[in-house]
$ cat input36.cif   # mmCIF, C-alpha atoms and all ligand atoms
data_run
loop_
_atom_site.label_atom_id
_atom_site.label_comp_id
_atom_site.auth_asym_id
_atom_site.auth_seq_id
_atom_site.Cartn_x
_atom_site.Cartn_y
_atom_site.Cartn_z
CA MET A 1 -29.62 79.17 9.71
CA LEU A 2 -29.12 75.65 11.09
CA ARG A 3 -32.45 74.30 12.31
CA ILE A 4 -32.03 72.14 15.41
CA LEU A 5 -34.82 70.16 17.06
CA SER A 6 -35.29 67.59 19.77
CA GLY A 7 -38.01 66.26 22.04
CA ILE A 8 -38.33 64.61 25.42
CA GLN A 9 -41.22 62.56 26.77
CA PRO A 10 -42.95 63.62 29.99
CA THR A 11 -43.00 60.07 31.32
CA GLY A 12 -41.49 60.75 34.75
CA THR A 13 -38.69 62.53 36.53
CA LEU A 14 -35.69 63.33 34.36
CA HIS A 15 -32.48 61.41 35.01
CA LEU A 16 -28.78 61.67 34.23
CA GLY A 17 -29.28 59.70 30.99
CA ASN A 18 -31.69 62.36 29.74
CA TYR A 19 -29.43 65.12 30.95
CA PHE A 20 -26.13 64.02 29.44
CA GLY A 21 -27.65 62.26 26.40
CA MET A 22 -29.98 65.00 25.24
CA MET A 23 -30.51 68.00 27.53
CA ARG A 24 -26.94 69.19 27.92
CA PRO A 25 -26.13 68.85 24.19
CA SER A 26 -29.38 70.60 23.30
CA ILE A 27 -28.64 73.45 25.69
CA ALA A 28 -25.15 73.76 24.20
CA LEU A 29 -26.68 74.01 20.72
CA GLN A 30 -29.03 76.88 21.61
CA ASP A 31 -26.71 79.47 20.11
CA GLU A 32 -25.51 77.34 17.18
CA GLY A 33 -28.69 77.80 15.22
CA ASP A 34 -32.41 78.12 15.34
CA ALA A 35 -33.32 75.59 18.05
CA TYR A 36 -36.73 74.00 18.76
CA TYR A 37 -37.17 71.81 21.83
CA PHE A 38 -40.46 70.30 22.84
CA ILE A 39 -42.19 68.14 25.43
CA ALA A 40 -43.53 65.08 23.61
CA ASP A 41 -46.85 64.69 25.42
CA TYR A 42 -48.64 62.98 22.51
CA HIS A 43 -45.92 60.35 22.60
CA ALA A 44 -46.22 59.95 26.37
CA LEU A 45 -49.84 58.82 25.96
CA THR A 46 -48.45 55.47 24.81
CA SER A 47 -47.28 54.82 28.38
CA VAL A 48 -48.80 57.39 30.81
CA HIS A 49 -52.51 56.74 31.25
CA ASP A 50 -53.29 59.02 34.19
CA PRO A 51 -54.30 62.53 33.00
CA ASP A 52 -53.27 64.29 36.23
CA LEU A 53 -49.92 62.55 36.18
CA LEU A 54 -49.37 63.54 32.55
CA ARG A 55 -50.14 67.19 33.34
CA ALA A 56 -47.81 67.11 36.34
CA ASN A 57 -45.04 65.46 34.29
CA VAL A 58 -45.28 68.11 31.58
CA ARG A 59 -44.76 70.86 34.15
CA GLY A 60 -41.97 68.88 35.79
CA VAL A 61 -40.08 68.44 32.51
CA ALA A 62 -40.48 72.14 31.69
CA LEU A 63 -39.22 73.14 35.11
CA ASP A 64 -36.27 70.70 35.04
CA PHE A 65 -35.20 71.62 31.52
CA ILE A 66 -35.27 75.36 32.17
CA ALA A 67 -33.50 74.90 35.51
CA CYS A 68 -30.78 72.96 33.66
CA GLY A 69 -30.12 75.89 31.34
CA LEU A 70 -32.63 75.79 28.52
CA ASP A 71 -33.24 79.46 27.81
CA PRO A 72 -36.63 80.18 26.23
CA ARG A 73 -35.26 83.44 24.84
CA ARG A 74 -32.51 81.64 22.93
CA CYS A 75 -34.60 78.71 21.67
CA CYS A 76 -38.23 77.87 21.09
CA PHE A 77 -39.55 75.65 23.91
CA PHE A 78 -43.04 74.24 23.48
CA ARG A 79 -45.45 71.44 24.18
CA GLN A 80 -46.09 69.08 21.27
CA SER A 81 -49.86 68.93 21.75
CA ASP A 82 -50.11 72.71 21.40
CA ILE A 83 -49.35 72.11 17.71
CA PRO A 84 -51.90 69.54 16.44
CA ALA A 85 -50.25 69.66 12.99
CA HIS A 86 -47.82 67.05 14.40
CA VAL A 87 -50.67 64.54 14.34
CA GLU A 88 -51.94 65.59 10.92
CA LEU A 89 -48.48 65.23 9.43
CA ALA A 90 -48.09 61.84 11.12
CA TRP A 91 -51.17 60.68 9.20
CA LEU A 92 -49.83 61.92 5.88
CA LEU A 93 -46.50 60.22 6.58
CA SER A 94 -48.19 56.99 7.65
CA THR A 95 -49.54 56.58 4.12
CA VAL A 96 -46.01 56.34 2.73
CA THR A 97 -44.54 54.30 5.61
CA PRO A 98 -44.09 50.59 4.82
CA MET A 99 -45.37 48.20 7.50
CA GLY A 100 -42.06 46.34 7.30
CA LEU A 101 -40.19 49.46 8.41
CA LEU A 102 -42.26 49.73 11.59
CA GLU A 103 -42.13 45.99 12.22
CA ARG A 104 -38.34 46.20 12.42
CA ALA A 105 -38.39 48.84 15.19
CA HIS A 106 -36.44 47.64 18.26
CA SER A 107 -38.08 50.13 20.56
CA TYR A 108 -41.59 48.78 19.89
CA LYS A 109 -40.48 45.19 20.45
CA ASP A 110 -38.62 46.11 23.66
CA LYS A 111 -41.54 48.06 25.06
CA VAL A 112 -44.03 45.27 24.37
CA ALA A 113 -41.62 42.72 25.86
CA ARG A 114 -41.52 44.87 29.01
CA GLY A 115 -45.28 44.84 29.30
CA LEU A 116 -46.51 48.05 27.63
CA ASP A 117 -49.82 47.69 25.77
CA ALA A 118 -49.20 46.75 22.17
CA SER A 119 -51.42 49.62 20.96
CA HIS A 120 -51.50 51.06 17.48
CA GLY A 121 -50.12 54.29 18.96
CA LEU A 122 -47.06 52.49 20.29
CA PHE A 123 -46.55 50.79 16.93
CA ALA A 124 -46.93 54.07 15.03
CA TYR A 125 -44.75 55.99 17.51
CA PRO A 126 -41.86 56.38 15.02
CA VAL A 127 -44.19 57.96 12.43
CA LEU A 128 -45.27 60.63 14.91
CA MET A 129 -41.62 61.19 15.75
CA ALA A 130 -40.82 61.59 12.04
CA ALA A 131 -43.62 64.18 11.86
CA ASP A 132 -42.15 66.08 14.84
CA ILE A 133 -38.84 66.37 13.06
CA LEU A 134 -39.98 67.00 9.48
CA LEU A 135 -42.59 69.59 10.50
CA TYR A 136 -39.81 72.03 11.37
CA ASP A 137 -37.47 71.36 8.41
CA SER A 138 -34.99 70.17 11.06
CA ALA A 139 -31.39 69.66 9.96
CA LEU A 140 -29.88 68.43 13.23
CA VAL A 141 -31.45 66.30 15.98
CA PRO A 142 -29.44 65.87 19.21
CA VAL A 143 -30.40 62.55 20.88
CA GLY A 144 -29.00 59.60 22.81
CA LYS A 145 -28.08 56.41 20.97
CA ASP A 146 -31.38 54.72 21.81
CA GLN A 147 -33.04 57.10 19.32
CA LYS A 148 -30.70 56.30 16.45
CA GLN A 149 -33.04 53.84 14.75
CA HIS A 150 -35.91 56.30 15.06
CA LEU A 151 -33.82 58.89 13.24
CA GLU A 152 -33.00 56.38 10.49
CA MET A 153 -36.71 55.66 10.14
CA THR A 154 -37.43 59.39 9.93
CA ARG A 155 -34.93 59.73 7.11
CA ASP A 156 -36.47 56.74 5.28
CA ILE A 157 -39.99 58.10 5.68
CA ALA A 158 -38.98 61.57 4.46
CA GLN A 159 -37.26 60.03 1.45
CA LYS A 160 -40.31 57.89 0.63
CA PHE A 161 -42.54 60.96 0.80
CA ASN A 162 -40.16 63.00 -1.38
CA ASP A 163 -39.95 60.15 -3.91
CA ARG A 164 -43.71 59.93 -4.20
CA TYR A 165 -44.67 63.61 -4.04
CA GLY A 166 -41.57 65.56 -5.02
CA ASN A 167 -39.08 67.28 -2.78
CA THR A 168 -41.08 68.34 0.27
CA PHE A 169 -39.03 67.51 3.37
CA ARG A 170 -35.50 68.15 4.42
CA ILE A 171 -33.62 64.97 5.41
CA PRO A 172 -32.38 65.41 9.03
CA GLU A 173 -29.15 64.21 10.64
CA PRO A 174 -28.88 62.81 14.17
CA ARG A 175 -26.26 64.26 16.53
CA ILE A 176 -25.18 61.61 19.04
CA GLY A 177 -22.43 62.49 21.54
CA GLU A 178 -19.58 59.99 21.72
CA GLU A 179 -19.09 60.04 25.49
CA THR A 180 -22.77 60.38 26.30
CA ALA A 181 -24.44 58.14 23.70
CA VAL A 182 -25.41 55.62 26.40
CA VAL A 183 -25.24 56.80 30.02
CA PRO A 184 -25.20 53.70 32.25
CA GLY A 185 -27.63 53.27 35.14
CA LEU A 186 -27.05 51.87 38.64
CA ASP A 187 -26.86 48.29 37.33
CA GLY A 188 -24.55 49.09 34.40
CA GLN A 189 -27.29 48.76 31.74
CA LYS A 190 -28.47 51.87 29.87
CA MET A 191 -30.02 54.28 32.38
CA SER A 192 -33.75 54.09 31.80
CA LYS A 193 -36.87 54.51 33.87
CA SER A 194 -38.13 51.15 32.64
CA TYR A 195 -35.03 49.38 33.98
CA HIS A 196 -35.49 50.98 37.44
CA ASN A 197 -31.83 51.99 37.46
CA THR A 198 -32.08 55.78 37.20
CA ILE A 199 -30.39 58.59 39.09
CA GLU A 200 -32.73 61.58 39.00
CA ILE A 201 -31.22 65.01 38.33
CA PHE A 202 -33.22 66.62 41.12
CA ALA A 203 -33.40 63.80 43.65
CA GLU A 204 -33.27 64.86 47.29
CA GLU A 205 -29.89 64.53 48.92
CA LYS A 206 -30.71 61.46 51.01
CA VAL A 207 -32.43 59.66 48.16
CA LEU A 208 -29.58 60.45 45.80
CA LYS A 209 -27.01 59.19 48.25
CA LYS A 210 -28.91 55.98 48.87
CA LYS A 211 -29.23 55.34 45.15
CA VAL A 212 -25.56 55.98 44.41
CA MET A 213 -24.46 53.82 47.36
CA GLY A 214 -26.65 51.03 45.91
CA LEU A 215 -24.81 51.09 42.59
CA VAL A 216 -23.93 47.54 41.52
CA THR A 217 -20.22 46.66 41.55
CA ASP A 218 -18.16 43.48 41.29
CA SER A 219 -16.81 41.86 44.45
CA THR A 220 -13.14 42.91 44.21
CA PRO A 221 -11.84 43.22 47.81
CA VAL A 222 -10.80 46.63 49.16
CA GLU A 223 -7.05 45.98 48.93
CA ALA A 224 -7.07 44.65 45.36
CA PRO A 225 -6.72 46.73 42.17
CA LYS A 226 -10.07 47.30 40.45
CA PRO A 227 -10.93 47.12 36.76
CA VAL A 228 -11.12 50.59 35.21
CA GLU A 229 -12.79 49.39 32.06
CA ASN A 230 -16.57 49.06 32.13
CA SER A 231 -16.77 50.57 35.60
CA THR A 232 -20.12 52.28 36.06
CA ILE A 233 -18.73 54.38 38.91
CA LEU A 234 -16.00 55.77 36.66
CA ALA A 235 -18.31 56.19 33.66
CA LEU A 236 -20.63 58.39 35.75
CA TYR A 237 -17.79 60.14 37.55
CA ARG A 238 -16.29 61.19 34.20
CA LEU A 239 -19.53 63.05 33.45
CA VAL A 240 -19.58 65.11 36.64
CA ALA A 241 -16.00 65.43 37.98
CA SER A 242 -12.99 67.44 36.84
CA ALA A 243 -10.31 65.76 34.69
CA ALA A 244 -7.88 65.84 37.62
CA ASP A 245 -10.36 64.15 39.97
CA VAL A 246 -11.14 61.50 37.36
CA GLN A 247 -7.46 60.80 36.86
CA GLN A 248 -6.97 60.47 40.60
CA MET A 249 -9.84 58.01 40.93
CA GLU A 250 -8.59 55.95 37.98
CA GLN A 251 -5.18 55.77 39.63
CA GLU A 252 -6.70 54.63 42.91
CA PHE A 253 -8.72 51.98 41.07
CA MET A 254 -5.51 50.61 39.60
CA ASN A 255 -3.51 50.84 42.83
CA GLY A 256 -6.03 49.06 45.01
CA GLY A 257 -6.46 49.85 48.69
CA VAL A 258 -9.65 51.91 48.32
CA GLY A 259 -13.05 50.20 48.46
CA TYR A 260 -16.03 50.76 46.16
CA GLY A 261 -17.94 52.37 49.04
CA ASP A 262 -15.44 55.23 49.13
CA PHE A 263 -15.59 55.71 45.38
CA LYS A 264 -19.37 55.79 45.50
CA LYS A 265 -19.31 58.46 48.21
CA ARG A 266 -17.05 60.54 46.02
CA LEU A 267 -19.35 59.98 43.03
CA PHE A 268 -22.36 61.06 45.08
CA GLY A 269 -20.52 64.23 46.18
CA ALA A 270 -19.59 65.09 42.60
CA ILE A 271 -23.15 64.60 41.30
CA TRP A 272 -24.58 66.66 44.14
CA GLU A 273 -22.13 69.48 43.45
CA TYR A 274 -22.53 69.36 39.66
CA PHE A 275 -26.26 70.05 39.93
CA ALA A 276 -26.11 72.64 42.73
CA PRO A 277 -26.62 75.71 40.47
CA GLN A 278 -29.46 73.93 38.66
CA ARG A 279 -31.16 73.19 42.02
CA THR A 280 -30.98 76.84 42.97
CA ARG A 281 -32.51 77.89 39.66
CA ARG A 282 -35.22 75.27 39.96
CA ALA A 283 -36.20 76.50 43.43
CA GLU A 284 -36.49 80.06 42.08
CA LEU A 285 -38.63 78.95 39.14
CA GLU A 286 -40.89 76.94 41.40
CA ARG A 287 -41.82 80.10 43.27
CA ASN A 288 -43.24 81.50 40.04
CA PRO A 289 -45.57 78.81 38.64
CA ASP A 290 -47.26 81.04 36.03
CA GLU A 291 -43.93 81.59 34.37
CA ILE A 292 -43.91 78.03 32.92
CA ASP A 293 -47.36 78.54 31.34
CA ARG A 294 -46.25 81.82 29.85
CA ILE A 295 -43.06 80.31 28.41
CA LEU A 296 -44.89 77.35 26.86
CA ALA A 297 -47.62 79.58 25.39
CA ASP A 298 -45.03 81.86 23.86
CA GLY A 299 -43.09 78.84 22.53
CA ALA A 300 -46.24 77.37 20.97
CA ALA A 301 -46.99 80.63 19.17
CA ARG A 302 -43.50 80.68 17.68
CA ALA A 303 -43.48 76.96 16.80
CA ARG A 304 -46.84 77.34 15.06
CA GLN A 305 -45.42 79.91 12.67
CA VAL A 306 -43.00 77.33 11.28
CA ALA A 307 -45.34 74.33 11.52
CA ASP A 308 -48.16 76.14 9.68
CA VAL A 309 -45.98 76.72 6.64
CA VAL A 310 -44.64 73.17 6.46
CA ILE A 311 -47.97 71.42 7.02
CA GLU A 312 -49.49 73.55 4.26
CA ARG A 313 -46.65 72.53 1.95
CA ALA A 314 -47.32 68.85 2.78
CA ARG A 315 -51.08 69.19 2.24
CA GLU A 316 -50.47 70.77 -1.11
CA ALA A 317 -47.94 68.09 -2.10
CA VAL A 318 -50.44 65.25 -1.55
CA GLY A 319 -53.37 67.03 -3.17
CA LEU A 320 -55.38 68.14 -0.15
CA ARG A 321 -55.22 71.74 -1.45
P1 LIG A 401 -36.99 60.02 25.81
O1 LIG A 401 -37.99 60.92 26.42
O2 LIG A 401 -37.02 58.58 26.13
O3 LIG A 401 -35.54 60.52 26.18
C1 LIG A 401 -35.14 61.87 25.95
C2 LIG A 401 -33.71 61.91 25.47
O4 LIG A 401 -32.84 61.36 26.45
C3 LIG A 401 -31.98 60.43 25.84
N1 LIG A 401 -31.60 59.38 26.80
C4 LIG A 401 -30.35 58.91 26.97
N2 LIG A 401 -29.19 59.24 26.38
C5 LIG A 401 -28.08 58.59 26.79
N3 LIG A 401 -28.09 57.64 27.76
C6 LIG A 401 -29.23 57.27 28.39
N4 LIG A 401 -29.22 56.35 29.35
C7 LIG A 401 -30.45 57.92 27.98
N5 LIG A 401 -31.73 57.81 28.38
C8 LIG A 401 -32.43 58.72 27.64
C9 LIG A 401 -32.77 59.86 24.68
O5 LIG A 401 -31.93 59.29 23.70
C10 LIG A 401 -33.49 61.08 24.17
O6 LIG A 401 -32.69 61.83 23.28
N6 LIG A 401 -38.67 59.35 21.18
C11 LIG A 401 -37.99 60.31 22.04
C12 LIG A 401 -38.73 61.63 22.19
C13 LIG A 401 -39.05 62.29 20.90
C14 LIG A 401 -38.14 62.91 20.02
C15 LIG A 401 -38.91 63.42 18.95
C16 LIG A 401 -36.76 63.11 20.05
C17 LIG A 401 -40.31 62.41 20.36
N7 LIG A 401 -40.22 63.10 19.17
C18 LIG A 401 -38.32 64.10 17.87
C19 LIG A 401 -36.16 63.78 18.96
C20 LIG A 401 -36.94 64.27 17.90
C21 LIG A 401 -37.86 59.66 23.43
O7 LIG A 401 -38.59 58.78 23.77
O8 LIG A 401 -36.97 60.24 24.23
#

$ encode --input "input36.cif" --output "structure tokens"
Amino acid sequence: MLRILSGIQPTGTLHLGNYFGMMRPSIALQDEGDAYYFIADYHALTSVHDPDLLRANVRGVALDFIACGLDPRRCCFFRQSDIPAHVELAWLLSTVTPMGLLERAHSYKDKVARGLDASHGLFAYPVLMAADILLYDSALVPVGKDQKQHLEMTRDIAQKFNDRYGNTFRIPEPRIGEETAVVPGLDGQKMSKSYHNTIEIFAEEKVLKKKVMGLVTDSTPVEAPKPVENSTILALYRLVASAADVQQMEQEFMNGGVGYGDFKKRLFGAIWEYFAPQRTRRAELERNPDEIDRILADGAARARQVADVVIERAREAVGLR
């Protein structure tokens, strides 16, 4: 059975980049194999330093993900810190991980450049991520393009471990969607909380509208034809509108005569409509707060069954048994 795994950090409210880059593909893969999805709360400690906020974010991510279609009966959904073997395996892996490999990580350099504390945890982040993946003998890891280097590092670390201690870990493959590898944010850069350019999946109507209307465009006048290529409006519209509606908008871009304000209104309407069923489901789930705890406890029990076997195999390989 194909083992699928992915994780998401509880660092804030989930946005369209998370949804189209990772959540939707992960939800689609639920029936393609044996899927494990988790909330990476150990990882979030590298940037979230308020315990109450962390707890609230974990619940928020669980709620959002389930509302979007993650079905805890068809996959195993759990919280990373419920399985401390992630951290133990990270230590074992750290002893085979070359410093040079971590020093080349873009993500670490970017985060420090943006002002995050240059802690050891942030530096060792990719090793913990490798542990997350290898602990479940994962074959396939659906992620956005920003995680590609982390997946390459995971493969390198697994190979190093296997070379030193004999074949212990399965080498995983990333799965990166072509259309959704990098979802652009309001300013055209990759959508990311740290760039302050996000559109939240469950934003309130007014907030959503204001954000979409604030999307950055060039200054082509209303009458003139507008460039279709590299248009953020169109890139986002393609994710949420029907093929016919997209074609129509592309045509109107090329014809000229319609202003960006109109296109943005249409984009807002399409986003709002796309997530209507998810909003309904989220409201239902919110009425039943104990349900999330029950789902995560059940997920942890199932995840532990796999993790226990693999961590024991790793301990034995290095000589701790
Ligand atoms: P995180 O929490 O930053 O993001 C979760 C997922 O969302 C994707 N994503 C995007 N995809 C396309 N366009 C965007 N603008 C965009 N923004 C976010 C990310 O690529 C990611 O797939 N290190 C991981 C969490 C993690 C993990 C793991 C993932 C921890 N352990 C093991 C896979 C396997 C992260 O920070 O994702």

$ atom_distance --input "input36.cif" --atom1 "atom CA of Arg175 of chain A" --atom2 "atom C13 of ligand LIG 401 (chain A)"
13.7 Å

$ axis_aligned_box --input "input36.cif" --around "segment 122-132 of chain A" --padding-each-side "5 Å" --output "AutoDock Vina command-line options"
--center_x -43.9 --center_y 58.4 --center_z 16.1 --size_x 16.2 --size_y 25.3 --size_z 18.4

$ residues_near_ligand --input "input36.cif" --ligand "ligand LIG 401 (chain A)" --cutoff "7 Å" --atoms "all atoms listed in the file" --output "PyMOL selection string"
chain A and resi 5-10+17-22+40+43+129-130+132-133+141-147+180-185+190-192

$ residues_around --input "input36.cif" --residues "Arg304 of chain A" --least-positions-apart "2" --cutoff "12 Å" --atoms "all atoms listed in the file" --output "ChimeraX atom specification"
/A:36,76-86,135-136,296-302,306-312

$ atom_distance --input "input36.cif" --atom1 "atom CA of Thr95 of chain A" --atom2 "atom CA of Ser119 of chain A"
18.3 Å

$ residues_around --input "input36.cif" --residues "Phe263 of chain A" --least-positions-apart "4" --cutoff "9 Å" --atoms "only C-alpha atoms" --output "list in words"
Ile233, Leu234, Met249, Phe253, Val258, Gly259, Leu267 and Phe268 of chain A

$ residues_near_point --input "input36.cif" --point "(-7.0, 54.3, 37.7)" --cutoff "12 Å" --atoms "all atoms listed in the file" --output "list of chain:residue names"
A:Pro225, A:Lys226, A:Pro227, A:Val228, A:Glu229, A:Ser231, A:Ile233, A:Leu234, A:Ala244, A:Asp245, A:Val246, A:Gln247, A:Gln248, A:Met249, A:Glu250, A:Gln251, A:Glu252, A:Phe253, A:Met254, A:Asn255, A:Gly256, A:Gly257, A:Val258, A:Phe263

$ closest_residue --input "input36.cif" --among "A:Met153, A:Leu14, A:Ala203, A:Leu140" --to "Pro174 of chain A" --atoms "all atoms listed in the file"
A:Leu140

$ decode --input "input36.cif" --residues "segment 186-202 of chain A" --atoms "N, CA, C and O atoms" --output "PDB file, in the first residue's frame"
ATOM      1  N   LEU A 186      -1.020  38.442  -2.711  1.00  0.00           N
ATOM      2  CA  LEU A 186      -1.622  39.694  -3.192  1.00  0.00           C
ATOM      3  C   LEU A 186      -0.633  40.600  -3.930  1.00  0.00           C
ATOM      4  O   LEU A 186      -1.036  41.428  -4.735  1.00  0.00           O
ATOM      5  N   ASP A 187       0.673  40.422  -3.648  1.00  0.00           N
ATOM      6  CA  ASP A 187       1.678  41.267  -4.309  1.00  0.00           C
ATOM      7  C   ASP A 187       2.384  40.524  -5.441  1.00  0.00           C
ATOM      8  O   ASP A 187       3.360  41.033  -5.997  1.00  0.00           O
ATOM      9  N   GLY A 188       1.918  39.310  -5.757  1.00  0.00           N
ATOM     10  CA  GLY A 188       2.529  38.560  -6.855  1.00  0.00           C
ATOM     11  C   GLY A 188       3.677  37.659  -6.424  1.00  0.00           C
ATOM     12  O   GLY A 188       4.049  36.737  -7.142  1.00  0.00           O
ATOM     13  N   GLN A 189       4.256  37.881  -5.238  1.00  0.00           N
ATOM     14  CA  GLN A 189       5.267  36.954  -4.708  1.00  0.00           C
ATOM     15  C   GLN A 189       4.557  35.707  -4.207  1.00  0.00           C
ATOM     16  O   GLN A 189       3.345  35.703  -4.049  1.00  0.00           O
ATOM     17  N   LYS A 190       5.317  34.669  -3.842  1.00  0.00           N
ATOM     18  CA  LYS A 190       4.710  33.470  -3.254  1.00  0.00           C
ATOM     19  C   LYS A 190       3.821  33.866  -2.070  1.00  0.00           C
ATOM     20  O   LYS A 190       4.228  34.695  -1.247  1.00  0.00           O
ATOM     21  N   MET A 191       2.618  33.306  -2.006  1.00  0.00           N
ATOM     22  CA  MET A 191       1.750  33.616  -0.869  1.00  0.00           C
ATOM     23  C   MET A 191       2.363  33.031   0.400  1.00  0.00           C
ATOM     24  O   MET A 191       2.646  31.843   0.468  1.00  0.00           O
ATOM     25  N   SER A 192       2.584  33.880   1.374  1.00  0.00           N
ATOM     26  CA  SER A 192       3.232  33.421   2.598  1.00  0.00           C
ATOM     27  C   SER A 192       2.921  34.402   3.722  1.00  0.00           C
ATOM     28  O   SER A 192       2.939  35.616   3.508  1.00  0.00           O
ATOM     29  N   LYS A 193       2.653  33.835   4.895  1.00  0.00           N
ATOM     30  CA  LYS A 193       2.334  34.676   6.037  1.00  0.00           C
ATOM     31  C   LYS A 193       3.447  35.697   6.288  1.00  0.00           C
ATOM     32  O   LYS A 193       3.186  36.849   6.620  1.00  0.00           O
ATOM     33  N   SER A 194       4.693  35.262   6.071  1.00  0.00           N
ATOM     34  CA  SER A 194       5.794  36.179   6.385  1.00  0.00           C
ATOM     35  C   SER A 194       5.939  37.298   5.350  1.00  0.00           C
ATOM     36  O   SER A 194       6.641  38.266   5.608  1.00  0.00           O
ATOM     37  N   TYR A 195       5.277  37.189   4.210  1.00  0.00           N
ATOM     38  CA  TYR A 195       5.301  38.302   3.257  1.00  0.00           C
ATOM     39  C   TYR A 195       4.064  39.196   3.409  1.00  0.00           C
ATOM     40  O   TYR A 195       3.880  40.130   2.621  1.00  0.00           O
ATOM     41  N   HIS A 196       3.185  38.874   4.358  1.00  0.00           N
ATOM     42  CA  HIS A 196       1.968  39.666   4.584  1.00  0.00           C
ATOM     43  C   HIS A 196       1.161  39.843   3.297  1.00  0.00           C
ATOM     44  O   HIS A 196       0.700  40.943   3.004  1.00  0.00           O
ATOM     45  N   ASN A 197       1.034  38.791   2.546  1.00  0.00           N
ATOM     46  CA  ASN A 197       0.325  38.883   1.258  1.00  0.00           C
ATOM     47  C   ASN A 197      -0.705  37.759   1.116  1.00  0.00           C
ATOM     48  O   ASN A 197      -1.017  37.352   0.002  1.00  0.00           O
ATOM     49  N   THR A 198      -1.189  37.255   2.251  1.00  0.00           N
ATOM     50  CA  THR A 198      -2.039  36.055   2.215  1.00  0.00           C
ATOM     51  C   THR A 198      -3.521  36.364   2.029  1.00  0.00           C
ATOM     52  O   THR A 198      -3.996  37.445   2.400  1.00  0.00           O
ATOM     53  N   ILE A 199      -4.219  35.396   1.459  1.00  0.00           N
ATOM     54  CA  ILE A 199      -5.681  35.400   1.446  1.00  0.00           C
ATOM     55  C   ILE A 199      -6.088  34.173   2.261  1.00  0.00           C
ATOM     56  O   ILE A 199      -5.800  33.044   1.876  1.00  0.00           O
ATOM     57  N   GLU A 200      -6.723  34.403   3.406  1.00  0.00           N
ATOM     58  CA  GLU A 200      -7.074  33.299   4.289  1.00  0.00           C
ATOM     59  C   GLU A 200      -8.281  32.539   3.737  1.00  0.00           C
ATOM     60  O   GLU A 200      -9.202  33.146   3.173  1.00  0.00           O
ATOM     61  N   ILE A 201      -8.266  31.230   3.910  1.00  0.00           N
ATOM     62  CA  ILE A 201      -9.359  30.382   3.404  1.00  0.00           C
ATOM     63  C   ILE A 201     -10.682  30.785   4.064  1.00  0.00           C
ATOM     64  O   ILE A 201     -11.716  30.828   3.411  1.00  0.00           O
ATOM     65  N   PHE A 202     -10.611  31.045   5.369  1.00  0.00           N
ATOM     66  CA  PHE A 202     -11.848  31.298   6.110  1.00  0.00           C
ATOM     67  C   PHE A 202     -11.952  32.745   6.592  1.00  0.00           C
ATOM     68  O   PHE A 202     -12.499  33.012   7.658  1.00  0.00           O
TER      69      PHE A 202
END
